[in-house]
file my_file_28.txt (compact mmCIF, C-alpha atoms and all ligand atoms)
# COMPACT_ATOMS: atom_id res chain seq x y z
CA MET B 1 -52.47 26.39 50.09
CA ASN B 2 -51.91 28.18 46.82
CA VAL B 3 -53.66 26.04 44.21
CA LEU B 4 -53.80 26.21 40.42
CA VAL B 5 -57.05 24.77 39.05
CA THR B 6 -56.98 23.97 35.33
CA GLY B 7 -60.48 23.77 33.86
CA GLY B 8 -61.75 25.59 36.94
CA ALA B 9 -64.57 27.28 35.01
CA GLY B 10 -66.07 23.92 34.06
CA PHE B 11 -68.78 21.90 35.78
CA ILE B 12 -66.69 19.98 38.31
CA GLY B 13 -63.84 22.50 38.49
CA SER B 14 -66.14 25.40 39.43
CA HIS B 15 -67.75 23.44 42.27
CA THR B 16 -64.30 22.44 43.52
CA VAL B 17 -63.14 26.08 43.42
CA VAL B 18 -66.01 26.95 45.79
CA GLU B 19 -64.97 24.28 48.28
CA LEU B 20 -61.30 25.31 48.07
CA VAL B 21 -62.08 28.99 48.69
CA GLN B 22 -64.44 28.09 51.54
CA GLU B 23 -61.64 26.06 53.14
CA GLY B 24 -59.35 29.10 52.97
CA HIS B 25 -57.17 28.12 50.01
CA CYS B 26 -55.91 30.68 47.52
CA VAL B 27 -57.12 29.68 44.04
CA THR B 28 -56.09 30.58 40.49
CA ILE B 29 -58.18 29.21 37.62
CA LEU B 30 -56.54 28.44 34.28
CA ASP B 31 -59.14 27.88 31.58
CA ASN B 32 -59.47 28.52 27.84
CA PHE B 33 -63.32 28.58 28.08
CA CYS B 34 -63.65 26.12 25.18
CA ASN B 35 -66.45 24.38 27.09
CA SER B 36 -67.50 26.92 29.69
CA SER B 37 -68.86 30.43 30.06
CA ARG B 38 -66.98 33.43 31.46
CA ARG B 39 -70.18 34.14 33.41
CA VAL B 40 -69.19 31.29 35.71
CA LEU B 41 -66.63 33.71 37.16
CA ASP B 42 -69.35 36.16 38.29
CA ARG B 43 -71.34 33.32 39.79
CA LEU B 44 -68.25 32.07 41.60
CA ALA B 45 -67.73 35.54 43.04
CA GLN B 46 -71.34 35.54 44.25
CA VAL B 47 -71.04 32.14 45.91
CA CYS B 48 -67.53 32.66 47.33
CA GLY B 49 -67.93 36.31 48.32
CA GLU B 50 -64.70 37.16 46.48
CA ARG B 51 -63.36 37.08 42.94
CA VAL B 52 -61.05 34.24 42.04
CA ASP B 53 -57.90 34.94 40.00
CA VAL B 54 -58.13 33.73 36.41
CA ILE B 55 -55.58 33.05 33.72
CA GLU B 56 -57.28 32.74 30.35
CA GLY B 57 -55.28 30.25 28.32
CA ASP B 58 -54.58 26.73 27.27
CA VAL B 59 -52.85 23.97 29.24
CA ARG B 60 -51.03 23.03 26.03
CA ASP B 61 -49.37 26.47 25.95
CA ALA B 62 -45.97 25.79 27.55
CA ALA B 63 -44.90 29.46 27.49
CA LEU B 64 -48.08 30.54 29.26
CA LEU B 65 -47.62 27.86 31.91
CA ARG B 66 -44.00 28.89 32.44
CA ARG B 67 -45.16 32.48 33.03
CA ALA B 68 -47.92 31.35 35.39
CA PHE B 69 -45.56 29.23 37.49
CA ALA B 70 -42.93 31.99 37.52
CA ALA B 71 -45.46 34.58 38.68
CA GLN B 72 -46.37 32.71 41.85
CA GLN B 73 -45.41 29.68 43.89
CA PHE B 74 -48.18 27.10 43.64
CA ASP B 75 -48.32 24.31 46.22
CA ALA B 76 -50.45 22.03 44.08
CA VAL B 77 -52.35 21.72 40.80
CA LEU B 78 -55.85 20.30 40.32
CA HIS B 79 -56.07 19.31 36.67
CA PHE B 80 -59.64 19.27 35.32
CA ALA B 81 -58.99 20.77 31.87
CA GLY B 82 -59.83 18.42 29.05
CA LEU B 83 -62.45 17.33 26.56
CA LYS B 84 -65.08 14.84 27.71
CA ALA B 85 -67.63 13.92 25.02
CA VAL B 86 -67.34 10.24 24.14
CA GLY B 87 -69.09 10.44 20.75
CA GLU B 88 -67.03 13.47 19.68
CA SER B 89 -63.85 11.64 20.67
CA VAL B 90 -64.67 8.86 18.20
CA GLU B 91 -65.02 11.45 15.41
CA GLN B 92 -62.04 13.60 16.44
CA PRO B 93 -59.55 11.31 18.19
CA LEU B 94 -56.58 13.58 17.57
CA ALA B 95 -58.29 16.52 19.27
CA TYR B 96 -58.84 14.32 22.34
CA TYR B 97 -55.31 12.93 22.48
CA ASP B 98 -53.87 16.39 21.86
CA ASN B 99 -55.94 18.09 24.55
CA ASN B 100 -56.18 15.38 27.19
CA VAL B 101 -52.84 13.60 26.80
CA GLY B 102 -50.78 16.44 25.28
CA GLY B 103 -52.22 18.97 27.74
CA SER B 104 -51.37 16.77 30.72
CA VAL B 105 -47.81 16.18 29.52
CA THR B 106 -47.21 19.90 28.93
CA LEU B 107 -48.64 20.70 32.35
CA CYS B 108 -46.44 18.12 34.11
CA GLN B 109 -43.35 19.42 32.31
CA ALA B 110 -44.11 22.96 33.44
CA MET B 111 -44.78 21.77 36.99
CA ALA B 112 -41.48 19.88 37.16
CA GLU B 113 -39.55 22.88 35.81
CA ALA B 114 -41.15 25.06 38.46
CA GLY B 115 -40.59 22.52 41.25
CA VAL B 116 -44.32 21.89 41.82
CA PHE B 117 -44.86 18.17 42.34
CA ARG B 118 -48.37 17.82 43.78
CA LEU B 119 -51.07 16.98 41.26
CA ILE B 120 -54.68 15.82 41.39
CA PHE B 121 -55.91 14.39 38.09
CA SER B 122 -59.53 13.96 36.93
CA SER B 123 -59.86 10.42 35.66
CA SER B 124 -62.98 8.41 35.04
CA ALA B 125 -64.56 5.06 35.91
CA THR B 126 -64.55 4.56 32.16
CA VAL B 127 -60.94 3.25 32.52
CA TYR B 128 -62.39 0.04 34.06
CA GLY B 129 -64.31 -0.77 30.86
CA ASP B 130 -66.87 -3.56 31.28
CA ALA B 131 -65.85 -4.76 34.76
CA GLU B 132 -66.44 -8.41 35.62
CA ARG B 133 -68.16 -7.75 38.93
CA MET B 134 -69.58 -4.96 41.05
CA PRO B 135 -68.68 -2.95 43.02
CA ILE B 136 -65.58 -1.83 41.15
CA GLU B 137 -62.41 -1.71 43.26
CA GLU B 138 -59.42 0.48 42.43
CA SER B 139 -57.29 -2.66 41.93
CA PHE B 140 -59.48 -3.94 39.08
CA PRO B 141 -57.82 -4.09 35.64
CA THR B 142 -57.95 -0.93 33.56
CA GLY B 143 -57.34 -0.07 29.93
CA ARG B 144 -60.03 -2.11 28.19
CA VAL B 145 -61.70 1.04 27.01
CA THR B 146 -63.69 1.32 23.83
CA ASN B 147 -63.32 4.97 22.79
CA PRO B 148 -60.59 7.62 22.43
CA TYR B 149 -61.90 9.71 25.35
CA GLY B 150 -61.62 6.78 27.75
CA ARG B 151 -58.27 5.77 26.29
CA SER B 152 -56.93 9.30 26.75
CA LYS B 153 -57.81 9.15 30.48
CA TRP B 154 -56.19 5.74 30.81
CA MET B 155 -53.06 6.91 28.96
CA VAL B 156 -52.65 9.89 31.27
CA GLU B 157 -53.00 7.59 34.28
CA GLU B 158 -50.17 5.41 32.91
CA ILE B 159 -48.01 8.47 32.16
CA LEU B 160 -48.52 9.74 35.72
CA LYS B 161 -47.49 6.36 37.14
CA ASP B 162 -44.29 6.43 35.04
CA LEU B 163 -43.63 9.97 36.16
CA ALA B 164 -44.00 9.18 39.86
CA ALA B 165 -41.75 6.14 39.44
CA SER B 166 -39.07 8.34 37.87
CA ASP B 167 -38.87 10.93 40.64
CA PRO B 168 -39.89 10.48 44.31
CA ARG B 169 -40.82 14.15 44.65
CA TRP B 170 -44.09 13.60 42.80
CA ALA B 171 -47.27 13.20 44.86
CA ILE B 172 -50.17 12.43 42.55
CA GLY B 173 -53.81 11.64 43.20
CA ILE B 174 -55.72 9.97 40.38
CA LEU B 175 -59.44 10.34 41.01
CA ARG B 176 -61.76 8.03 39.09
CA TYR B 177 -65.13 9.74 39.00
CA PHE B 178 -68.28 7.69 38.59
CA ASN B 179 -71.28 9.74 37.32
CA PRO B 180 -71.07 13.34 38.54
CA VAL B 181 -74.46 15.10 38.55
CA GLY B 182 -76.21 17.70 40.71
CA ALA B 183 -75.58 21.41 41.04
CA HIS B 184 -74.59 23.89 43.71
CA PRO B 185 -77.44 24.20 46.28
CA SER B 186 -77.42 28.00 45.74
CA GLY B 187 -78.79 27.41 42.21
CA LEU B 188 -75.97 29.63 40.89
CA LEU B 189 -73.64 26.95 39.52
CA GLY B 190 -74.48 23.85 37.54
CA GLU B 191 -73.90 21.81 34.43
CA ASP B 192 -74.39 23.75 31.21
CA PRO B 193 -73.75 21.43 28.26
CA ARG B 194 -73.47 22.93 24.79
CA GLY B 195 -76.10 21.67 22.35
CA ILE B 196 -78.19 18.58 23.05
CA PRO B 197 -76.86 16.84 26.15
CA ASN B 198 -75.21 13.43 25.73
CA ASN B 199 -75.61 12.46 29.37
CA LEU B 200 -78.77 11.31 31.09
CA VAL B 201 -79.31 13.83 33.88
CA PRO B 202 -78.86 17.05 31.86
CA TYR B 203 -81.12 15.53 29.19
CA VAL B 204 -83.84 14.72 31.74
CA ALA B 205 -83.52 18.24 33.20
CA GLN B 206 -84.03 19.80 29.77
CA VAL B 207 -87.14 17.67 29.18
CA ALA B 208 -88.49 18.78 32.57
CA VAL B 209 -87.96 22.45 31.71
CA GLY B 210 -89.58 22.02 28.27
CA LYS B 211 -86.49 22.47 26.09
CA LEU B 212 -86.61 18.87 24.86
CA ASP B 213 -89.71 16.73 24.25
CA CYS B 214 -89.06 13.23 25.43
CA ILE B 215 -86.35 11.18 27.15
CA SER B 216 -84.86 8.29 25.16
CA VAL B 217 -84.10 5.37 27.47
CA TYR B 218 -81.22 3.50 25.88
CA GLY B 219 -82.41 -0.10 26.23
CA ASP B 220 -84.49 -1.97 28.79
CA CYS B 221 -83.11 -5.49 28.35
CA TYR B 222 -79.91 -5.21 30.39
CA PRO B 223 -79.47 -7.81 33.16
CA THR B 224 -80.40 -5.21 35.81
CA ARG B 225 -83.41 -5.02 38.14
CA ASP B 226 -85.63 -3.07 35.73
CA GLY B 227 -83.65 -3.76 32.54
CA THR B 228 -82.25 -0.23 32.17
CA GLY B 229 -78.60 0.77 32.70
CA VAL B 230 -77.37 1.20 36.27
CA ARG B 231 -74.85 3.86 37.31
CA ASP B 232 -73.31 5.36 40.44
CA TYR B 233 -74.55 8.97 40.40
CA ILE B 234 -72.65 11.29 42.73
CA HIS B 235 -73.44 14.87 43.73
CA VAL B 236 -70.88 17.29 42.30
CA VAL B 237 -70.49 18.98 45.71
CA ASP B 238 -69.59 15.61 47.28
CA LEU B 239 -67.18 15.04 44.41
CA ALA B 240 -65.62 18.48 44.91
CA ARG B 241 -65.08 17.77 48.61
CA GLY B 242 -63.38 14.51 47.68
CA HIS B 243 -60.74 16.59 45.87
CA LEU B 244 -59.91 18.52 49.03
CA LYS B 245 -59.52 15.28 50.96
CA ALA B 246 -57.32 13.86 48.20
CA LEU B 247 -55.18 16.99 48.23
CA ALA B 248 -54.67 16.61 51.98
CA ALA B 249 -53.85 12.91 51.53
CA ILE B 250 -51.15 13.40 48.89
CA MET B 251 -49.41 15.86 51.22
CA ARG B 252 -48.90 12.89 53.57
CA LYS B 253 -48.43 10.18 50.96
CA PRO B 254 -46.18 10.77 47.94
CA GLY B 255 -46.12 8.57 44.84
CA VAL B 256 -49.27 7.73 42.93
CA ASN B 257 -52.56 7.13 44.70
CA VAL B 258 -55.77 6.09 42.98
CA TRP B 259 -59.20 6.64 44.50
CA ASN B 260 -62.71 5.98 43.25
CA LEU B 261 -65.08 8.86 43.83
CA GLY B 262 -68.55 7.40 43.79
CA ARG B 263 -71.44 6.84 46.21
CA GLY B 264 -71.23 3.09 46.01
CA GLU B 265 -74.88 2.68 44.99
CA GLY B 266 -76.32 1.91 41.60
CA TYR B 267 -79.44 3.59 40.24
CA SER B 268 -81.21 2.70 37.01
CA VAL B 269 -82.30 5.09 34.27
CA LEU B 270 -85.89 4.70 35.47
CA ASP B 271 -84.84 5.45 39.08
CA VAL B 272 -83.33 8.71 37.84
CA ILE B 273 -86.44 9.66 35.86
CA ARG B 274 -88.69 8.95 38.87
CA ALA B 275 -86.44 10.93 41.22
CA PHE B 276 -86.51 13.86 38.80
CA GLU B 277 -90.30 13.66 38.60
CA ARG B 278 -90.43 13.90 42.40
CA ALA B 279 -88.00 16.83 42.40
CA SER B 280 -89.76 18.81 39.68
CA GLY B 281 -93.34 17.76 40.40
CA ARG B 282 -93.74 17.14 36.66
CA PRO B 283 -94.44 13.90 34.79
CA LEU B 284 -91.58 13.18 32.37
CA PRO B 285 -92.33 11.48 29.06
CA TYR B 286 -89.92 8.77 27.97
CA ARG B 287 -89.65 6.04 25.35
CA VAL B 288 -87.38 3.04 25.22
CA VAL B 289 -85.02 2.99 22.24
CA GLU B 290 -82.08 0.82 21.15
CA PRO B 291 -79.15 0.53 23.59
CA ARG B 292 -76.31 3.02 22.97
CA PRO B 293 -73.24 1.26 21.52
CA GLY B 294 -70.43 1.02 24.06
CA ASP B 295 -72.66 1.33 27.16
CA VAL B 296 -72.12 -1.14 29.97
CA ALA B 297 -75.08 -2.64 31.86
CA GLU B 298 -73.97 -1.48 35.28
CA CYS B 299 -71.18 0.41 36.98
CA TRP B 300 -70.78 1.34 40.63
CA ALA B 301 -67.88 2.01 42.93
CA ALA B 302 -66.32 0.28 45.87
CA THR B 303 -65.91 3.18 48.27
CA GLU B 304 -63.88 1.63 51.13
CA LYS B 305 -60.47 2.82 49.91
CA ALA B 306 -61.59 6.44 49.74
CA TRP B 307 -63.22 6.12 53.14
CA HIS B 308 -60.18 4.55 54.85
CA GLU B 309 -57.49 6.65 53.18
CA LEU B 310 -59.27 9.97 52.68
CA GLY B 311 -61.93 9.87 55.38
CA TRP B 312 -64.34 10.83 52.63
CA ARG B 313 -67.67 9.47 51.54
CA ALA B 314 -70.54 10.96 49.58
CA GLU B 315 -73.37 12.43 51.66
CA TYR B 316 -76.09 13.48 49.25
CA ASP B 317 -78.67 10.99 47.95
CA LEU B 318 -80.29 10.77 44.53
CA ASP B 319 -83.31 12.89 45.53
CA THR B 320 -81.03 15.70 46.74
CA MET B 321 -79.01 15.50 43.50
CA MET B 322 -82.17 15.81 41.41
CA ARG B 323 -83.59 18.64 43.54
CA ASP B 324 -80.39 20.61 43.11
CA VAL B 325 -80.33 19.98 39.34
CA TRP B 326 -83.95 21.10 39.12
CA ARG B 327 -83.29 24.30 41.10
CA TRP B 328 -80.37 25.09 38.77
CA GLN B 329 -82.28 24.22 35.59
CA GLU B 330 -85.44 26.07 36.59
CA SER B 331 -83.62 29.28 37.53
CA ASN B 332 -81.23 29.08 34.53
CA PRO B 333 -83.28 27.46 31.74
CA ARG B 334 -80.70 28.49 29.16
CA GLY B 335 -77.71 27.89 31.40
CA TYR B 336 -75.21 30.67 32.07
CA ASP B 337 -76.06 32.45 28.82
CA ASP B 338 -79.47 33.38 30.21
CA GLN B 339 -77.95 36.44 31.82
CA PRO B 340 -77.93 39.74 29.93
P1 LIG D 1 -66.19 20.67 31.64
O1 LIG D 1 -66.08 20.59 30.17
O2 LIG D 1 -67.38 21.31 32.24
O3 LIG D 1 -64.89 21.39 32.23
C1 LIG D 1 -63.63 21.31 31.63
C2 LIG D 1 -63.05 22.72 31.61
O4 LIG D 1 -61.76 22.66 31.02
C3 LIG D 1 -63.88 23.69 30.75
O5 LIG D 1 -64.06 24.88 31.46
C4 LIG D 1 -63.03 23.91 29.50
O6 LIG D 1 -63.21 25.18 28.96
C5 LIG D 1 -61.63 23.70 30.06
N1 LIG D 1 -60.64 23.23 29.09
C6 LIG D 1 -60.75 22.21 28.21
N2 LIG D 1 -59.62 22.07 27.50
C7 LIG D 1 -58.76 23.02 27.97
C8 LIG D 1 -57.43 23.37 27.66
N3 LIG D 1 -56.75 22.73 26.71
N4 LIG D 1 -56.86 24.39 28.33
C9 LIG D 1 -57.54 25.06 29.29
N5 LIG D 1 -58.80 24.77 29.62
C10 LIG D 1 -59.40 23.76 28.98
O7 LIG D 1 -66.00 19.18 32.19
P2 LIG D 1 -66.25 18.61 33.66
O8 LIG D 1 -67.48 17.78 33.62
O9 LIG D 1 -66.13 19.68 34.66
O10 LIG D 1 -65.02 17.60 33.75
C11 LIG D 1 -63.80 17.98 34.34
C12 LIG D 1 -62.80 16.85 34.17
O11 LIG D 1 -63.32 15.67 34.75
C13 LIG D 1 -62.51 16.50 32.70
O12 LIG D 1 -61.13 16.18 32.60
C14 LIG D 1 -63.36 15.28 32.46
O13 LIG D 1 -62.83 14.45 31.45
C15 LIG D 1 -63.31 14.60 33.82
N6 LIG D 1 -64.47 13.74 34.05
C16 LIG D 1 -65.73 14.27 33.95
C17 LIG D 1 -66.84 13.45 34.15
C18 LIG D 1 -68.24 14.00 34.02
O14 LIG D 1 -69.18 13.23 33.98
N7 LIG D 1 -68.45 15.30 34.00
C19 LIG D 1 -66.66 12.10 34.48
C20 LIG D 1 -65.36 11.60 34.59
C21 LIG D 1 -64.27 12.44 34.38
C1 LIG D 2 -70.76 8.64 30.04
C2 LIG D 2 -69.58 8.21 29.19
C3 LIG D 2 -68.38 8.00 30.10
C4 LIG D 2 -68.09 9.28 30.86
C5 LIG D 2 -69.34 9.69 31.62
C6 LIG D 2 -69.16 11.03 32.23
C7 LIG D 2 -70.56 7.11 27.26
C8 LIG D 2 -70.72 5.81 26.54
N1 LIG D 2 -69.93 7.03 28.46
O1 LIG D 2 -71.02 7.66 31.02
O2 LIG D 2 -67.25 7.63 29.35
O3 LIG D 2 -67.02 9.10 31.76
O4 LIG D 2 -70.45 9.82 30.71
O5 LIG D 2 -70.29 11.31 33.02
O6 LIG D 2 -70.94 8.17 26.79
N2 LIG D 2 -78.95 7.10 29.05
C9 LIG D 2 -80.23 7.06 28.53
N3 LIG D 2 -80.66 8.11 27.77
C10 LIG D 2 -79.89 9.21 27.53
C11 LIG D 2 -78.58 9.25 28.08
C12 LIG D 2 -78.14 8.18 28.81
O7 LIG D 2 -80.94 6.09 28.73
O8 LIG D 2 -80.34 10.14 26.85
C13 LIG D 2 -78.50 6.01 29.92
C14 LIG D 2 -77.21 5.33 29.50
O9 LIG D 2 -77.46 4.24 28.66
C15 LIG D 2 -76.64 4.91 30.86
C16 LIG D 2 -77.14 5.99 31.82
O10 LIG D 2 -78.26 6.58 31.19
O11 LIG D 2 -77.20 3.67 31.27
C17 LIG D 2 -76.10 7.06 32.11
O12 LIG D 2 -75.62 7.60 30.89
P1 LIG D 2 -74.66 8.88 30.84
O13 LIG D 2 -75.21 9.94 31.70
O14 LIG D 2 -74.41 9.18 29.41
O15 LIG D 2 -73.33 8.38 31.55
P2 LIG D 2 -72.44 7.07 31.21
O16 LIG D 2 -72.84 6.41 29.96
O17 LIG D 2 -72.39 6.25 32.44
call {"tool": "encode", "arguments": {"input": "my_file_28.txt", "output": "structure tokens"}}
result
Amino acid sequence: MNVLVTGGAGFIGSHTVVELVQEGHCVTILDNFCNSSRRVLDRLAQVCGERVDVIEGDVRDAALLRRAFAAQQFDAVLHFAGLKAVGESVEQPLAYYDNNVGGSVTLCQAMAEAGVFRLIFSSSATVYGDAERMPIEESFPTGRVTNPYGRSKWMVEEILKDLAASDPRWAIGILRYFNPVGAHPSGLLGEDPRGIPNNLVPYVAQVAVGKLDCISVYGDCYPTRDGTGVRDYIHVVDLARGHLKALAAIMRKPGVNVWNLGRGEGYSVLDVIRAFERASGRPLPYRVVEPRPGDVAECWAATEKAWHELGWRAEYDLDTMMRDVWRWQESNPRGYDDQP
């Protein structure tokens, strides 16, 4: 298939590009590099054994999209491009609605004009808010989100449902990611957050490599087995493969389809720290601090729907995720910008 991947230079997009190329698809990345490095493209070439076509630009640029769709016939679009920092979204809500909601609307308009109706959208388990019970099924209520980032993902989901209801040609897969972590096993691709990481695993990795001093554990009084927050961490390569399965599924099943992409297992903050200590062979200092506002106690996925409908489930366990993060972090202590 000929696939356009928006945000394909980012963390999840780049790993998905690798899987697409390895499965024989023809890939074009569209990215404005606002949260990624152009060096990802060299690394992708190393991993894939070929260079991937790139359009440098913004998904909100309707004229650019029109040119891109006129230049070649895409069979499908994987839409990763967007902003993802929860705290930043509270400070700059308009930037988040503009990029995430506006960008998705502009993209769908350009797709419809060009007669391209297959879309995979990166959503998030954050749309479930504080779910009443675990594991979280796709049919659980959504929309009780507490920040503009989460609301932007939920809004796009609703827009896509309206769109599919308006025209039977649309075939849309909404993928609700749980907690993507890990790195490519080659050590060439990984997560490279700008500034101090907001998320647990990149923070732990930077403590292990000596860039940061001490992990802050956000609360140890949650009603969980060791009192710290529990999440469903999923290896980014597993997640990437889920996209290929979803792409195959929407070819058979038009309309809107929603799938959770998680492992279906919850791990605590302390589980993650211990797994990273095993992976790196280093003791990792941590201290317990106040809970982070807006955090839920626990969150993990029901995985049956993805298994039955996609034939997909995650393979890699927490130790493998942490080993791959450590390999990436150790060989690229300053991320992609380490290279001359
Ligand atoms: P990322 O920031 O690494 O990748 C996003 C990519 O999109 C970057 O390369 C960035 O430069 C590009 N981009 C952003 N806005 C753009 C625009 N307007 N036009 C063109 N390119 C643009 O993020 P990621 O972790 O790879 O996440 C990918 C998608 O998955 C995002 O939509 C994110 O909200 C969603 N998601 C991520 C997580 C996570 O934990 N990483 C969890 C749930 C959902
Ligand atoms: C966060 C976002 C969520 C987004 C997801 C993407 C918030 C509130 N939520 O999810 O919307 O979809 O990232 O991956 O930002 N923790 C620490 N110390 C840290 C960092 C985190 O103890 O330095 C804890 C958190 O309290 C949580 C767990 O580690 O229990 C995971 O946190 P994180 O990696 O930030 O992911 P989420 O909060 O699940």
call {"tool": "closest_atom_pairs", "arguments": {"input": "my_file_28.txt", "of": "range 15-99 of chain B", "to": "range 193-196 of chain B", "cutoff": "12 Å", "atoms": "all atoms listed in the file", "output": "Markdown table"}}
result
| residue | atom | partner | partner_atom | distance |
| --- | --- | --- | --- | --- |
| B:Cys34 | CA | B:Arg194 | CA | 10.3 |
| B:Asn35 | CA | B:Arg194 | CA | 7.5 |
| B:Ser36 | CA | B:Pro193 | CA | 8.4 |
| B:Ser37 | CA | B:Arg194 | CA | 10.3 |
| B:Lys84 | CA | B:Pro193 | CA | 10.9 |
| B:Ala85 | CA | B:Pro193 | CA | 10.2 |
call {"tool": "closest_atom_pairs", "arguments": {"input": "my_file_28.txt", "of": "chain B", "to": "ligand LIG 1 (chain D)", "cutoff": "8 Å", "atoms": "all atoms listed in the file", "output": "Markdown table"}}
result
| residue | atom | partner | partner_atom | distance |
| --- | --- | --- | --- | --- |
| B:Thr6 | CA | D:LIG1 | N5 | 6.0 |
| B:Gly7 | CA | D:LIG1 | O4 | 3.3 |
| B:Gly8 | CA | D:LIG1 | O5 | 6.0 |
| B:Ala9 | CA | D:LIG1 | O5 | 4.3 |
| B:Gly10 | CA | D:LIG1 | O3 | 3.3 |
| B:Phe11 | CA | D:LIG1 | O9 | 3.6 |
| B:Ile12 | CA | D:LIG1 | O9 | 3.7 |
| B:Gly13 | CA | D:LIG1 | O9 | 5.3 |
| B:Ser14 | CA | D:LIG1 | O9 | 7.4 |
| B:Leu30 | CA | D:LIG1 | C9 | 6.1 |
| B:Asp31 | CA | D:LIG1 | N5 | 3.7 |
| B:Asn32 | CA | D:LIG1 | N5 | 4.2 |
| B:Phe33 | CA | D:LIG1 | O6 | 3.5 |
| B:Cys34 | CA | D:LIG1 | O6 | 3.9 |
| B:Asn35 | CA | D:LIG1 | O6 | 3.8 |
| B:Ser36 | CA | D:LIG1 | O5 | 4.4 |
| B:Ser37 | CA | D:LIG1 | O5 | 7.5 |
| B:Glu56 | CA | D:LIG1 | C9 | 7.8 |
| B:Gly57 | CA | D:LIG1 | C9 | 5.7 |
| B:Asp58 | CA | D:LIG1 | N4 | 3.4 |
| B:Val59 | CA | D:LIG1 | N4 | 4.1 |
| B:Arg60 | CA | D:LIG1 | N3 | 5.8 |
| B:His79 | CA | D:LIG1 | O12 | 7.2 |
| B:Phe80 | CA | D:LIG1 | C12 | 4.1 |
| B:Ala81 | CA | D:LIG1 | O4 | 3.5 |
| B:Gly82 | CA | D:LIG1 | N2 | 4.0 |
| B:Leu83 | CA | D:LIG1 | C6 | 5.4 |
| B:Lys84 | CA | D:LIG1 | O13 | 4.4 |
| B:Asn99 | CA | D:LIG1 | N3 | 5.2 |
| B:Asn100 | CA | D:LIG1 | O12 | 7.4 |
| B:Gly103 | CA | D:LIG1 | N3 | 6.0 |
| B:Phe121 | CA | D:LIG1 | O12 | 7.8 |
| B:Ser122 | CA | D:LIG1 | O11 | 4.7 |
| B:Ser123 | CA | D:LIG1 | C21 | 5.0 |
| B:Ser124 | CA | D:LIG1 | C20 | 4.0 |
| B:Ala125 | CA | D:LIG1 | C20 | 6.7 |
| B:Thr126 | CA | D:LIG1 | C20 | 7.5 |
| B:Tyr149 | CA | D:LIG1 | O13 | 7.8 |
| B:Lys153 | CA | D:LIG1 | O13 | 7.4 |
| B:Arg176 | CA | D:LIG1 | C20 | 6.8 |
| B:Tyr177 | CA | D:LIG1 | C20 | 4.8 |
| B:Phe178 | CA | D:LIG1 | C19 | 6.2 |
| B:Asn179 | CA | D:LIG1 | O14 | 5.3 |
| B:Pro180 | CA | D:LIG1 | O14 | 4.9 |
| B:Val181 | CA | D:LIG1 | O14 | 7.2 |
| B:Glu191 | CA | D:LIG1 | O2 | 6.9 |
| B:Asp192 | CA | D:LIG1 | O2 | 7.5 |
| B:Pro193 | CA | D:LIG1 | O2 | 7.5 |
| B:Asn199 | CA | D:LIG1 | O14 | 7.9 |
call {"tool": "write_last_selection", "arguments": {"input": "my_file_28.txt", "atoms": "C-alpha atoms", "output": "CSV table (one decimal), keeping the file's coordinate frame"}}
result
chain,number,residue,atom,x,y,z
B,6,THR,CA,-57.0,24.0,35.3
B,7,GLY,CA,-60.5,23.8,33.9
B,8,GLY,CA,-61.8,25.6,36.9
B,9,ALA,CA,-64.6,27.3,35.0
B,10,GLY,CA,-66.1,23.9,34.1
B,11,PHE,CA,-68.8,21.9,35.8
B,12,ILE,CA,-66.7,20.0,38.3
B,13,GLY,CA,-63.8,22.5,38.5
B,14,SER,CA,-66.1,25.4,39.4
B,30,LEU,CA,-56.5,28.4,34.3
B,31,ASP,CA,-59.1,27.9,31.6
B,32,ASN,CA,-59.5,28.5,27.8
B,33,PHE,CA,-63.3,28.6,28.1
B,34,CYS,CA,-63.6,26.1,25.2
B,35,ASN,CA,-66.4,24.4,27.1
B,36,SER,CA,-67.5,26.9,29.7
B,37,SER,CA,-68.9,30.4,30.1
B,56,GLU,CA,-57.3,32.7,30.4
B,57,GLY,CA,-55.3,30.2,28.3
B,58,ASP,CA,-54.6,26.7,27.3
B,59,VAL,CA,-52.8,24.0,29.2
B,60,ARG,CA,-51.0,23.0,26.0
B,79,HIS,CA,-56.1,19.3,36.7
B,80,PHE,CA,-59.6,19.3,35.3
B,81,ALA,CA,-59.0,20.8,31.9
B,82,GLY,CA,-59.8,18.4,29.0
B,83,LEU,CA,-62.4,17.3,26.6
B,84,LYS,CA,-65.1,14.8,27.7
B,99,ASN,CA,-55.9,18.1,24.6
B,100,ASN,CA,-56.2,15.4,27.2
B,103,GLY,CA,-52.2,19.0,27.7
B,121,PHE,CA,-55.9,14.4,38.1
B,122,SER,CA,-59.5,14.0,36.9
B,123,SER,CA,-59.9,10.4,35.7
B,124,SER,CA,-63.0,8.4,35.0
B,125,ALA,CA,-64.6,5.1,35.9
B,126,THR,CA,-64.6,4.6,32.2
B,149,TYR,CA,-61.9,9.7,25.4
B,153,LYS,CA,-57.8,9.2,30.5
B,176,ARG,CA,-61.8,8.0,39.1
B,177,TYR,CA,-65.1,9.7,39.0
B,178,PHE,CA,-68.3,7.7,38.6
B,179,ASN,CA,-71.3,9.7,37.3
B,180,PRO,CA,-71.1,13.3,38.5
B,181,VAL,CA,-74.5,15.1,38.6
B,191,GLU,CA,-73.9,21.8,34.4
B,192,ASP,CA,-74.4,23.8,31.2
B,193,PRO,CA,-73.8,21.4,28.3
B,199,ASN,CA,-75.6,12.5,29.4
call {"tool": "residues_around", "arguments": {"input": "my_file_28.txt", "residues": "range 129-139 of chain B", "least_positions_apart": "2", "cutoff": "6 Å", "atoms": "only C-alpha atoms", "output": "NGL selection string"}}
result
:B and (126-127 or 144-145 or 296 or 300-302)
call {"tool": "closest_residue", "arguments": {"input": "my_file_28.txt", "among": "B:Val269, B:Met155, B:Leu160, B:Ile29", "to": "ligand LIG 2 (chain D)", "atoms": "all atoms listed in the file"}}
result
B:Val269
